[in-house]
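**Student:** Handing you this structure, nothing more for now.
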Amino acid sequence: MSSHTLIKGDRDSQVFLSLLLVVAITLPALNLLVPEANPLHVSTYTVTLAGKYLTYGLLAIAVDLVWGYLGILSLGHAAFFALGGYAMGMHLMRQIGERGVYGNPILPDFMVFLDWQELPWFWYGMDHFWFAMIVVMLVPGLLAFVFGWLAFRSRVTGVYLSIITQALTYALMLAFFRNEMGFGGNNGLTDFKDILGFDLHTDATRVGLFLASAIALAMGYLACRYIVTSRLGRVAVAVRDAEDRTRFIGYRVEWVKLWLFTFSAVLAGIAGALYVPQAGIINPGEFSPLNSIEIVVWVAVGGRATLVGAVAGALMVNYGKSYFTAALPEMWLFALGGLFVLVTLFLPQGVIGLLRRKESLK
Amino acid sequence: MTPLLDDVRETWRRDRAWDFLSPRTSQKLDFSHGTALYLEDISVSFDGFKAINNLTLYIDAGELRCIIGPNGAGKTTMMDIITGKTRPDSGTAFFGQSIDLLRLSEPEIAELGIGRKFQKPTVFEFHNTFENLELAMSGDKRVWSILRAKLSGEQRDRIDEVLVTIGLQAHRYTQAGSLSHGQKQWLEIGMLLMQDPHLLLVDEPVAGMTHQEMDRTGELLTSLAGKHSVVVVEHDMDFVRSIANKVTVLHQGSVLSEGSMDKVQNDPQVKQVYLGE
Amino acid sequence: MGITVSTPIHRLALVILALLLVAGSSPPSTAATSALDAALPLLEGRDLATKKQAVQLIATSGNDRAVIILDALVTGNLYFLKSDNSLVIAEKNGDSYLAKNALLGTEIGPVEKRGLKKIGINNALRSQIRDAIASLSLDHADRSIRLRAATQMLDNPSADTARLLRSALPQETDDDVRKVMQTAVSVADLASADTAARLAAIQQLAGNLHPTVRNQLLKLSENDKDDKTRTAARLALKEIDFKVDLYGKAEVLFFGISAGSVLVLAAIGLAITFGVMGVINMAHGELIMLGAYTTYLIQQLMPQHIGLSVLVAIPAAFVVSGLVGILIERSVIRFLYGRPLETLLATFGISLILQQLVRTLVSPQNVAVSNPGWMSGTLEINGVLSLAYNRLYIILFCLIVFMLLSLVLKRTPLGLQVRAVSQNRDMARAMGVRSARVDALTFGLGSGIAGVAGVALSQLTNVGPNLGQSYIIDSFMVVVFGGVGNLWGTLVGGLTLGIANKVLEPWAGAVLAKILVLVFIILFIQKRPRGLFPQKGRGAVN
């Protein structure tokens, strides 16, 4: 199915993709072509910030796919995001080569610092970009597959599932905090120099990463759109609303859940991989349960089971976060907490739901 | 409790070929002896309470059977066992001559052609009527297939046909959640039809229906018999009388009496159970 | 302090000193004082024989300060003050000396080095003084001083100590002290030249858990000339090691149970709200935190009565957290019944708000909550096993809370209604149970218990805005592991996880142990999705 038929007749998708296109063209143009003195100039900082937001948008879509459509409230998606990010971070670390503080051509600085003599086996091959990209998708996917296989087969559902996904990311966070794990412990991976030979600190690379994020978001959106408009998507919603019934008409609910969950984890991993070179760091804090639950709130704010809403929610909440943490840092948690409560109580369909209701009232 | 361990044990059994060696569908439906469903010596208990107690029951191919019994007689549990939701502690359950139901999962059983309508109507409220029927339609239901599935013209016709049968053609694009109770019941029966099952298990199909609706449902069910085996669990005696030629009375998890409605009604044991004489 | 604490005897003397000072020793009797007065001048001059006599006199004077003076003498802190020729105990303090009158213990103030004359001793005198100090302590009226003296001797066995102890043993009336003395004698006998005496001593010491005993036996088992002695020592060692191992395990178990009790306390309120109402309360951790802060505030209000403040805090925290819980239930949760995932999100939002509220109103930093005196210290079972009182109290407290809660649920009308609602909400409502009120009260009860848990936690960990967060996942793990809606499940689940954690810890390290436990639970849930003790009945199956 071509993307054209996929979004035909769907105004949400059309608006969303057009907006994305406009932003993807104007932001880089305003950054690279307009001189800095000009008031229309967009700083590289802003472009990178927007790029990070777009990866959040992709992450939100991943969560929306499993929560909005399938009814699995994953409180562990930050783990998949972080794993993808770590895989990318490992690649970038290996790219530093001799330019590190200790000048070791093979070992990243933190390993030299820990007095390690050899590269751990799981760092092998990460110097190749293609290999790292496979790991970016494979590791979150594999973890989701194994975890999901165990959980869904035993019919762990609802809040139980949410809690153990949270335990999963919590356990990973604790694990990654350990120096012995070989991922830089507390400090994580940072001080990246370049990606695919491009200096990460130049405007052009930044813009390139922003564009990559925009493309990934568009592709991720179309892929999810393809899924939710297929019969599989309808079965997913059926599972969400009446799991037993779906089973009794012959669908292998476990497999539906498993594949969608895995796919969603892969998307989250890709989002993480795009996020890390733009953020310049990945550390175990990314695994924190709070992060996972924040993603859920993005989706809730935007409107679940809408995909577009998930992206909108991610952008809005993160914009709010950037604004608050700069202007009124102590107010941010109040605002976020209040958002959780207000959205669940008064906006079960999110902003998109609100807009739709308004429209249908007209 | 420990499926993994059970799996391992299963592979050690010497009286059986390994699952993966035995052809997956020796699963050819075989009604050659005229019996569609065999339940023999089935028992199941929940925390010491015997929900089903040595139940033996045979359903003929093409038969319409009504099952009645007081609350707690084990009617729903019996259906749970047939559809794979509950595993019995002991006993055997065969579909036709060859298929051991106790070794199959719910979707596998559904795929074989046993459809079920729940006591409480459960339709996919978020989907419209058409989509509900589409989802129930028989066919390849594996993940990859349904991702790429498209409705053929024939399948559309089939759905339309069922829509007419259940009288919901006007509600083709109505969200199932906003249908009336009776309409939901019919939609669920329609979904059963879409599955094209050999055996239909229908739990309280006329609860909450008006008399006219009841009559129509009765007609529908009797028209299905012959081509399909139909098992109806119902409390409404008038309805049972209107459709049944053979009735089974369950009591405390086993068969108390069986036969025509008249025979059953005159059975002193049945009278005692129902009227407490 | 400028003193270097070097020898055990010295340490002993310091302890005694402290004890005497704290006790505010009664003024010495005149007779004892005069004996001392007579002895002190003898210390002057260089004649060692005279000094020896002086030590004898001091030791037998019966004066309470005798030990202190002798101790000062042996550590070289005893001086004559040149100005008035009085005896002083002086310690170096920067350039000058801090002096105290040796007889009276009164402060004299800083004295130049030139103004002091040191009283010299030799080695022979030194050991005589030590003996004198030891036997003085062994004869002391205070049981604890005798016990300490004997223990110190046990750690530094010699023929001399054995002699002293032997002579002190017959007068000793206290069983504990006798035991230590006997052990010390036996340990000293291990070094005896007589093989039979050594063997007898080994026999005596088999299974004794004092660390010195083990060291000495180990030496003996390797170095003794006599085969039989070596074998006997080895056997005795084995017995000791077995016991040490056993008590080591007991200690791990104890740690595990106390850690588990903390988990149970943190989780049990959650078990109620989750089990009875199907409500996932992510703000549960913050209700615990509120309990801990209530303790802090109450201590601020009554800084003079730390011991009492903790007891006051228990009901106060119950009320505070309980009320906040009811407020949460009435304002948010009641609109979300039947939508557990939404409840989870909303209560998570509440948890963020509560955290920030504490940060804004109190402080973003941790606050200091004091432990009452009766919580510190340890209960010594034997040489290798001692149980910290605070852990012991936590276990006790956990059991009390558990039992009270069981009683409330089993015996009170509220409990009956709670159970009714938890089993069948609609039916209970039909029977006239006002389920809204029951919900609010249940939630209040669960939250109140969280507050009480907070009081307990305030005695164990840092109290800060993040306190709750660090417990919430563990609490959920306990509830999920134990089975929802079942107090016993929570108890067994919490204790099991606590013990598992502590058993794994020495082997894997604290963090890895925690990870392993989490992974275990994740796997466990696959096998038993409804926990150890699932809710029973047909309703739970569907």
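Labeling convention for the structure tokens: chains A, B, ... as they appear, residues from 1 per chain, ligands from 1 in order of appearance.
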Within 9 Å of B:Gln252, counting only C-alpha atoms, which residues show up once you throw out same-chain ones fewer than 2 positions away? Write them as a short mmCIF file (atom, residue, chain, number, x, y, z; two decimals) with N, CA, C and O atoms, in the first residue's frame, please.
**Tutor:**
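The result, written out as result.cif:
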data_model
loop_
_atom_site.label_atom_id
_atom_site.label_comp_id
_atom_site.auth_asym_id
_atom_site.auth_seq_id
_atom_site.Cartn_x
_atom_site.Cartn_y
_atom_site.Cartn_z
N LYS B 50 -17.14 -28.41 43.65
CA LYS B 50 -17.20 -29.16 42.39
C LYS B 50 -18.19 -28.49 41.44
O LYS B 50 -19.39 -28.65 41.56
N ALA B 51 -17.66 -27.77 40.50
CA ALA B 51 -18.52 -27.07 39.55
C ALA B 51 -19.07 -28.06 38.53
O ALA B 51 -20.23 -27.97 38.12
N ILE B 52 -18.24 -29.00 38.13
CA ILE B 52 -18.66 -30.04 37.20
C ILE B 52 -18.26 -31.36 37.83
O ILE B 52 -17.13 -31.53 38.29
N ASN B 53 -19.21 -32.30 37.85
CA ASN B 53 -18.98 -33.53 38.58
C ASN B 53 -19.32 -34.73 37.70
O ASN B 53 -20.48 -35.05 37.50
N GLY B 69 -31.02 -25.76 33.73
CA GLY B 69 -30.56 -26.14 35.05
C GLY B 69 -30.53 -24.93 35.93
O GLY B 69 -30.41 -23.81 35.45
N PRO B 70 -30.68 -25.17 37.24
CA PRO B 70 -30.67 -24.02 38.17
C PRO B 70 -29.31 -23.34 38.18
O PRO B 70 -28.34 -23.85 37.64
N GLY B 72 -25.75 -22.29 39.12
CA GLY B 72 -24.67 -23.06 39.73
C GLY B 72 -24.67 -24.51 39.30
O GLY B 72 -23.96 -25.33 39.87
N ALA B 73 -25.47 -24.84 38.29
CA ALA B 73 -25.52 -26.22 37.84
C ALA B 73 -24.30 -26.58 37.01
O ALA B 73 -24.04 -27.74 36.73
N GLY B 74 -23.57 -25.57 36.58
CA GLY B 74 -22.34 -25.84 35.84
C GLY B 74 -22.45 -25.59 34.35
O GLY B 74 -21.59 -26.02 33.58
N LEU B 250 -29.06 -30.04 33.75
CA LEU B 250 -27.86 -30.15 34.58
C LEU B 250 -28.22 -29.81 36.01
O LEU B 250 -29.02 -28.92 36.28
N SER B 254 -23.69 -32.32 37.03
CA SER B 254 -23.82 -33.51 36.20
C SER B 254 -25.23 -33.59 35.62
O SER B 254 -26.13 -32.83 36.01
N VAL B 255 -25.41 -34.50 34.69
CA VAL B 255 -26.69 -34.60 33.99
C VAL B 255 -27.71 -35.23 34.91
O VAL B 255 -27.51 -36.31 35.44
N LEU B 256 -28.82 -34.52 35.07
CA LEU B 256 -29.87 -35.03 35.95
C LEU B 256 -30.90 -35.79 35.13
O LEU B 256 -31.40 -36.83 35.53
#
**Student:** Please list as a list of chain:residue names every residue within 6 Å of stretch 132-141 of chain B, counting only C-alpha atoms and excluding residues in the same chain fewer than 3 positions away.
**Tutor:**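 What passes the distance filter is A:Ile249, A:Tyr251, B:Thr129, B:Met191, B:Met194, B:Gln195.
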**Student:** Using only C-alpha atoms, I'd like a table of the residues in chain B that come within 10 Å of chain A; for each, show the closest atom pair and its distance in Å rounded to one decimal, ordered by chain and ascending number, as a tab-separated table.
**Tutor:**
residue	atom	partner	partner_atom	distance
B:Pro3	CA	A:Ser154	CA	9.1
B:Thr83	CA	A:Phe248	CA	7.4
B:Gly84	CA	A:Phe248	CA	9.0
B:Lys85	CA	A:Asp244	CA	9.0
B:Ser105	CA	A:Arg252	CA	9.1
B:Glu106	CA	A:Phe248	CA	5.8
B:Pro107	CA	A:Gly250	CA	3.8
B:Glu108	CA	A:Gly250	CA	6.4
B:Ile109	CA	A:Gly250	CA	7.4
B:Ala110	CA	A:Gly250	CA	4.7
B:Glu111	CA	A:Gly250	CA	5.2
B:Leu112	CA	A:Gly250	CA	8.7
B:Gly113	CA	A:Gly250	CA	9.1
B:Ile114	CA	A:Phe248	CA	8.6
B:Gly115	CA	A:Ile249	CA	6.8
B:Arg116	CA	A:Phe248	CA	6.9
B:Lys117	CA	A:Arg245	CA	8.8
B:Phe118	CA	A:Arg245	CA	8.4
B:Pro121	CA	A:Arg245	CA	9.9
B:Thr122	CA	A:Arg245	CA	6.8
B:Val123	CA	A:Ala242	CA	7.5
B:Phe124	CA	A:Ala238	CA	5.7
B:Glu125	CA	A:Asp241	CA	7.2
B:Phe126	CA	A:Asp241	CA	7.5
B:His127	CA	A:Arg234	CA	7.7
B:Glu131	CA	A:Arg234	CA	7.9
B:Asn132	CA	A:Ala238	CA	8.8
B:Glu134	CA	A:Arg231	CA	8.7
B:Leu135	CA	A:Val235	CA	6.9
B:Ala136	CA	A:Ile249	CA	5.8
B:Met137	CA	A:Ile249	CA	8.3
B:Ser138	CA	A:Gly250	CA	8.2
B:Gly139	CA	A:Gly250	CA	9.2
B:Asp140	CA	A:Tyr251	CA	9.1
B:Lys141	CA	A:Tyr251	CA	5.6
B:Arg142	CA	A:Arg252	CA	6.8
B:Val143	CA	A:Val256	CA	5.8
B:Trp144	CA	A:Leu232	CA	8.3
B:Ser145	CA	A:Leu232	CA	8.4
B:Ile146	CA	A:Leu232	CA	5.1
B:Leu147	CA	A:Leu232	CA	4.8
B:Arg148	CA	A:Ser230	CA	6.8
B:Ala149	CA	A:Arg231	CA	6.4
B:Lys150	CA	A:Arg231	CA	7.8
B:Leu151	CA	A:Arg231	CA	9.5
B:Met191	CA	A:Ile249	CA	8.3
B:Leu192	CA	A:Ile249	CA	8.0
B:Met194	CA	A:Ile249	CA	9.5
B:Gln195	CA	A:Ile249	CA	7.0
B:Pro197	CA	A:Ile249	CA	10.0
**Student:** Excluding stretch 196-204 of chain C and residues on its chain fewer than 3 positions from it, collect all residues at most 9 Å away from it, counting only C-alpha atoms, and give them as an mmCIF file with N, CA, C and O atoms, in the first residue's frame.
**Tutor:**
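Final output, saved to selection20.cif:
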data_model
loop_
_atom_site.group_PDB
_atom_site.id
_atom_site.type_symbol
_atom_site.label_atom_id
_atom_site.label_comp_id
_atom_site.auth_asym_id
_atom_site.auth_seq_id
_atom_site.Cartn_x
_atom_site.Cartn_y
_atom_site.Cartn_z
ATOM 1 N N GLN C 182 35.756 -17.543 83.163
ATOM 2 C CA GLN C 182 36.171 -18.926 82.933
ATOM 3 C C GLN C 182 36.776 -19.074 81.546
ATOM 4 O O GLN C 182 37.806 -19.713 81.366
ATOM 5 N N THR C 183 36.104 -18.483 80.564
ATOM 6 C CA THR C 183 36.626 -18.550 79.199
ATOM 7 C C THR C 183 38.016 -17.954 79.156
ATOM 8 O O THR C 183 38.926 -18.530 78.560
ATOM 9 N N VAL C 185 40.146 -17.684 81.525
ATOM 10 C CA VAL C 185 41.107 -18.586 82.174
ATOM 11 C C VAL C 185 41.495 -19.695 81.207
ATOM 12 O O VAL C 185 42.678 -19.994 81.000
ATOM 13 N N SER C 186 40.489 -20.278 80.559
ATOM 14 C CA SER C 186 40.760 -21.382 79.638
ATOM 15 C C SER C 186 41.647 -20.925 78.495
ATOM 16 O O SER C 186 42.575 -21.624 78.082
ATOM 17 N N VAL C 187 41.323 -19.735 77.976
ATOM 18 C CA VAL C 187 42.127 -19.216 76.873
ATOM 19 C C VAL C 187 43.571 -19.058 77.324
ATOM 20 O O VAL C 187 44.506 -19.431 76.612
ATOM 21 N N ALA C 188 43.740 -18.524 78.537
ATOM 22 C CA ALA C 188 45.097 -18.363 79.047
ATOM 23 C C ALA C 188 45.767 -19.719 79.204
ATOM 24 O O ALA C 188 46.946 -19.882 78.907
ATOM 25 N N ASP C 189 44.968 -20.713 79.609
ATOM 26 C CA ASP C 189 45.513 -22.061 79.798
ATOM 27 C C ASP C 189 45.980 -22.698 78.496
ATOM 28 O O ASP C 189 46.786 -23.622 78.506
ATOM 29 N N LEU C 190 45.446 -22.217 77.394
ATOM 30 C CA LEU C 190 45.852 -22.781 76.102
ATOM 31 C C LEU C 190 47.349 -22.622 75.890
ATOM 32 O O LEU C 190 47.968 -23.380 75.162
ATOM 33 N N ALA C 191 47.871 -21.603 76.550
ATOM 34 C CA ALA C 191 49.300 -21.354 76.384
ATOM 35 C C ALA C 191 50.116 -22.090 77.457
ATOM 36 O O ALA C 191 51.334 -21.963 77.515
ATOM 37 N N SER C 192 49.415 -22.849 78.275
ATOM 38 C CA SER C 192 50.103 -23.532 79.378
ATOM 39 C C SER C 192 51.131 -24.525 78.847
ATOM 40 O O SER C 192 50.980 -25.098 77.763
ATOM 41 N N ALA C 193 52.163 -24.736 79.629
ATOM 42 C CA ALA C 193 53.204 -25.680 79.216
ATOM 43 C C ALA C 193 52.716 -27.113 79.409
ATOM 44 O O ALA C 193 53.188 -28.039 78.741
ATOM 45 N N GLY C 207 33.190 -24.942 71.005
ATOM 46 C CA GLY C 207 31.884 -24.344 70.763
ATOM 47 C C GLY C 207 31.767 -22.929 71.288
ATOM 48 O O GLY C 207 30.744 -22.286 71.120
ATOM 49 N N ASN C 208 32.831 -22.447 71.939
ATOM 50 C CA ASN C 208 32.784 -21.065 72.416
ATOM 51 C C ASN C 208 32.957 -20.098 71.249
ATOM 52 O O ASN C 208 33.794 -20.297 70.375
ATOM 53 N N LEU C 217 42.729 -21.008 69.292
ATOM 54 C CA LEU C 217 42.610 -22.413 68.909
ATOM 55 C C LEU C 217 43.254 -22.654 67.556
ATOM 56 O O LEU C 217 43.882 -23.675 67.312
ATOM 57 N N LYS C 228 48.061 -34.727 69.774
ATOM 58 C CA LYS C 228 46.726 -34.856 70.339
ATOM 59 C C LYS C 228 46.096 -33.481 70.543
ATOM 60 O O LYS C 228 44.923 -33.260 70.263
ATOM 61 N N THR C 229 46.899 -32.580 71.007
ATOM 62 C CA THR C 229 46.408 -31.227 71.236
ATOM 63 C C THR C 229 45.966 -30.591 69.923
ATOM 64 O O THR C 229 44.907 -29.955 69.847
ATOM 65 N N ALA C 232 42.709 -32.120 68.871
ATOM 66 C CA ALA C 232 41.620 -31.640 69.729
ATOM 67 C C ALA C 232 41.269 -30.203 69.355
ATOM 68 O O ALA C 232 40.090 -29.834 69.254
ATOM 69 N N ALA C 233 42.317 -29.411 69.116
ATOM 70 C CA ALA C 233 42.068 -28.015 68.761
ATOM 71 C C ALA C 233 41.309 -27.925 67.443
ATOM 72 O O ALA C 233 40.384 -27.123 67.289
ATOM 73 N N ALA C 236 37.736 -28.812 68.005
ATOM 74 C CA ALA C 236 37.050 -27.714 68.686
ATOM 75 C C ALA C 236 36.778 -26.573 67.713
ATOM 76 O O ALA C 236 35.700 -25.968 67.717
#
**Student:** Given a cut-off of 7 Å, which residues of chain A touch chain C, counting only C-alpha atoms, written out as a PyMOL selection string?
**Tutor:** chain A and resi 150-151+154+156+159+164+167+171+174-175+333-334+336-338+340-341+344
**Student:** Skip A:Gly68 itself and residues of its chain fewer than 3 positions away, then list as a PyMOL selection string all residues within 10 Å of it, counting only C-alpha atoms.
**Tutor:** chain A and resi 61-65+71-73+236-237+240+296+299-300+303-307+310
**Student:** Restricted to all heavy atoms, what would the selected residues look like written as a CSV table (one decimal), in the first residue's frame?
**Tutor:**
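Writing done, so here's selection09.csv:
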chain,number,residue,atom,x,y,z
A,61,ILE,N,4.3,7.8,19.7
A,61,ILE,CA,3.6,7.0,18.8
A,61,ILE,C,3.7,5.5,19.2
A,61,ILE,O,2.8,4.8,19.2
A,61,ILE,CB,4.1,7.2,17.3
A,61,ILE,CG1,3.6,8.5,16.8
A,61,ILE,CG2,3.6,6.1,16.4
A,61,ILE,CD1,4.0,8.7,15.4
A,62,ALA,N,5.0,5.1,19.5
A,62,ALA,CA,5.2,3.8,19.9
A,62,ALA,C,4.3,3.4,21.1
A,62,ALA,O,3.7,2.3,21.1
A,62,ALA,CB,6.7,3.6,20.2
A,63,VAL,N,4.3,4.3,22.1
A,63,VAL,CA,3.5,4.0,23.3
A,63,VAL,C,2.0,4.0,22.9
A,63,VAL,O,1.2,3.2,23.4
A,63,VAL,CB,3.8,5.0,24.4
A,63,VAL,CG1,2.8,4.9,25.5
A,63,VAL,CG2,5.2,4.8,24.9
A,64,ASP,N,1.6,4.9,22.1
A,64,ASP,CA,0.2,5.0,21.7
A,64,ASP,C,-0.3,3.7,21.0
A,64,ASP,O,-1.4,3.2,21.2
A,64,ASP,CB,0.0,6.2,20.7
A,64,ASP,CG,-1.5,6.5,20.6
A,64,ASP,OD1,-2.3,6.1,21.4
A,64,ASP,OD2,-1.9,7.2,19.6
A,65,LEU,N,0.6,3.2,20.2
A,65,LEU,CA,0.3,1.9,19.5
A,65,LEU,C,-0.1,0.8,20.5
A,65,LEU,O,-1.1,0.1,20.3
A,65,LEU,CB,1.4,1.5,18.6
A,65,LEU,CG,1.2,0.3,17.7
A,65,LEU,CD1,0.1,0.6,16.7
A,65,LEU,CD2,2.5,-0.2,17.0
A,71,GLY,N,-4.3,-1.5,24.4
A,71,GLY,CA,-4.7,-1.5,25.8
A,71,GLY,C,-3.7,-1.9,26.8
A,71,GLY,O,-3.9,-2.2,27.9
A,72,ILE,N,-2.4,-2.0,26.3
A,72,ILE,CA,-1.3,-2.4,27.2
A,72,ILE,C,-0.7,-1.1,27.7
A,72,ILE,O,0.0,-0.4,26.9
A,72,ILE,CB,-0.3,-3.2,26.5
A,72,ILE,CG1,-0.9,-4.5,26.0
A,72,ILE,CG2,0.9,-3.5,27.4
A,72,ILE,CD1,0.1,-5.3,25.1
A,73,LEU,N,-0.9,-0.9,29.0
A,73,LEU,CA,-0.2,0.3,29.5
A,73,LEU,C,1.2,0.0,29.9
A,73,LEU,O,1.4,-0.5,31.0
A,73,LEU,CB,-1.0,0.9,30.7
A,73,LEU,CG,-0.4,2.1,31.4
A,73,LEU,CD1,-0.2,3.2,30.4
A,73,LEU,CD2,-1.2,2.5,32.6
A,236,ALA,N,-6.6,-5.4,17.2
A,236,ALA,CA,-5.9,-4.9,18.4
A,236,ALA,C,-6.9,-4.2,19.3
A,236,ALA,O,-7.0,-4.4,20.5
A,236,ALA,CB,-4.8,-3.9,18.0
A,237,VAL,N,-7.7,-3.3,18.6
A,237,VAL,CA,-8.8,-2.6,19.4
A,237,VAL,C,-9.7,-3.6,20.0
A,237,VAL,O,-10.2,-3.4,21.1
A,237,VAL,CB,-9.5,-1.6,18.5
A,237,VAL,CG1,-10.7,-1.0,19.2
A,237,VAL,CG2,-8.5,-0.5,18.0
A,240,ARG,N,-8.2,-4.9,23.0
A,240,ARG,CA,-8.3,-3.9,24.1
A,240,ARG,C,-9.7,-3.9,24.7
A,240,ARG,O,-9.8,-3.8,26.0
A,240,ARG,CB,-8.0,-2.5,23.4
A,240,ARG,CG,-8.1,-1.3,24.4
A,240,ARG,CD,-8.1,0.0,23.7
A,240,ARG,NE,-9.4,0.2,23.0
A,240,ARG,CZ,-9.6,1.2,22.2
A,240,ARG,NH1,-8.6,2.1,21.8
A,240,ARG,NH2,-10.8,1.4,21.6
A,296,VAL,N,3.6,8.2,28.8
A,296,VAL,CA,2.2,7.9,28.8
A,296,VAL,C,1.4,9.1,28.9
A,296,VAL,O,0.3,9.3,28.3
A,296,VAL,CB,1.9,6.9,30.0
A,296,VAL,CG1,0.4,6.7,30.2
A,296,VAL,CG2,2.6,5.6,29.8
A,299,VAL,N,0.9,10.9,25.7
A,299,VAL,CA,-0.1,10.3,24.9
A,299,VAL,C,-1.5,10.6,25.4
A,299,VAL,O,-2.4,10.9,24.7
A,299,VAL,CB,0.1,8.7,24.9
A,299,VAL,CG1,-1.0,8.1,24.0
A,299,VAL,CG2,1.4,8.4,24.3
A,300,ALA,N,-1.6,10.6,26.7
A,300,ALA,CA,-2.9,10.9,27.3
A,300,ALA,C,-3.4,12.3,27.0
A,300,ALA,O,-4.5,12.6,26.7
A,300,ALA,CB,-2.9,10.6,28.8
A,303,GLY,N,-4.3,12.5,23.3
A,303,GLY,CA,-5.4,11.7,23.0
A,303,GLY,C,-5.0,10.4,22.5
A,303,GLY,O,-4.3,10.3,21.5
A,304,ARG,N,-5.3,9.4,23.2
A,304,ARG,CA,-4.8,8.1,22.9
A,304,ARG,C,-5.6,7.5,21.7
A,304,ARG,O,-6.7,7.9,21.4
A,304,ARG,CB,-4.8,7.1,24.1
A,304,ARG,CG,-6.2,6.8,24.6
A,304,ARG,CD,-6.0,6.0,25.9
A,304,ARG,NE,-6.3,7.0,27.0
A,304,ARG,CZ,-6.9,6.6,28.1
A,304,ARG,NH1,-7.3,5.4,28.2
A,304,ARG,NH2,-7.1,7.5,29.0
A,305,ALA,N,-5.0,6.5,21.1
A,305,ALA,CA,-5.5,5.8,19.9
A,305,ALA,C,-5.8,6.8,18.8
A,305,ALA,O,-6.8,6.7,18.1
A,305,ALA,CB,-6.8,5.0,20.3
A,306,THR,N,-4.9,7.8,18.7
A,306,THR,CA,-5.1,8.7,17.6
A,306,THR,C,-3.8,8.9,16.8
A,306,THR,O,-3.8,9.5,15.7
A,306,THR,CB,-5.5,10.1,18.0
A,306,THR,OG1,-4.5,10.6,19.0
A,306,THR,CG2,-6.9,10.1,18.7
A,307,LEU,N,-2.7,8.4,17.3
A,307,LEU,CA,-1.3,8.6,16.7
A,307,LEU,C,-0.9,10.1,16.6
A,307,LEU,O,0.0,10.5,17.2
A,307,LEU,CB,-1.2,7.9,15.4
A,307,LEU,CG,-1.3,6.4,15.4
A,307,LEU,CD1,-1.1,5.8,13.9
A,307,LEU,CD2,-0.3,5.7,16.3
A,310,ALA,N,-0.8,11.6,19.9
A,310,ALA,CA,0.4,11.2,20.7
A,310,ALA,C,1.5,12.2,20.4
A,310,ALA,O,2.2,12.7,21.3
A,310,ALA,CB,0.8,9.8,20.4
**Student:** Which neighbours of stretch 88-102 of chain B fall inside 10 Å, counting only C-alpha atoms, when residues of the same chain fewer than 3 positions from it are skipped, and could you give them as a PyMOL selection string?
**Tutor:** chain B and resi 25-46+51-61+77-78+80-85+105-106+108-109+112-114+198-199
**Student:** Residues at most 10 Å from A:Thr44, counting only C-alpha atoms, excluding those fewer than 3 positions away in the same chain, as a list of chain:residue names?
**Tutor:**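 Selected residues are A:Leu27, A:Pro28, A:Leu30, A:Asn31, A:Leu32, A:His41, A:Val47, A:Thr48, A:Leu49, A:Ala50, A:His201, A:Thr202, A:Asp203, A:Ala204, A:Arg206, A:Val207.
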**Student:** With DSSP run on the backbone, what are the strand (DSSP E or B) residues within stretch 21-223 of chain B? I'd like them as a ChimeraX atom specification.
**Tutor:** /B:35-46,49-60,64-68,90-95,99-100,114-117,128,175,199-203
**Student:** Determine which residues of stretch 15-258 of chain C receive a DSSP assignment of helix (DSSP H, G or I), computed from the backbone, and state them as number ranges by chain.
**Tutor:** C: 15-23, 30-43, 48-60, 66-75, 113-115, 123-138, 143-155, 159-171, 175-189, 195-205, 211-223, 227-258
**Student:** Give the answer as one residue: which of C:Leu42, C:Leu387, C:Met282, C:Val418 has the shortest atom-to-atom distance to C:Tyr247, using only C-alpha atoms?
**Tutor:**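 Of C:Leu42, C:Leu387, C:Met282, C:Val418, the one nearest C:Tyr247, counting only C-alpha atoms, is C:Leu387.
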**Student:** Using Å and a single decimal, report how far atom CA of B:Gly62 sits from atom CA of B:Leu163.
**Tutor:**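 Atom-to-atom, atom CA of B:Leu163 and atom CA of B:Gly62 are spaced 23.2 Å apart.
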**Student:** Counting only C-alpha atoms, what is within 12 Å of stretch 159-168 of chain C, bar same-chain residues fewer than 5 positions away, as number ranges by chain?
**Tutor:** C: 9, 127-128, 130-140, 146-147, 149-154, 173-174, 177-193
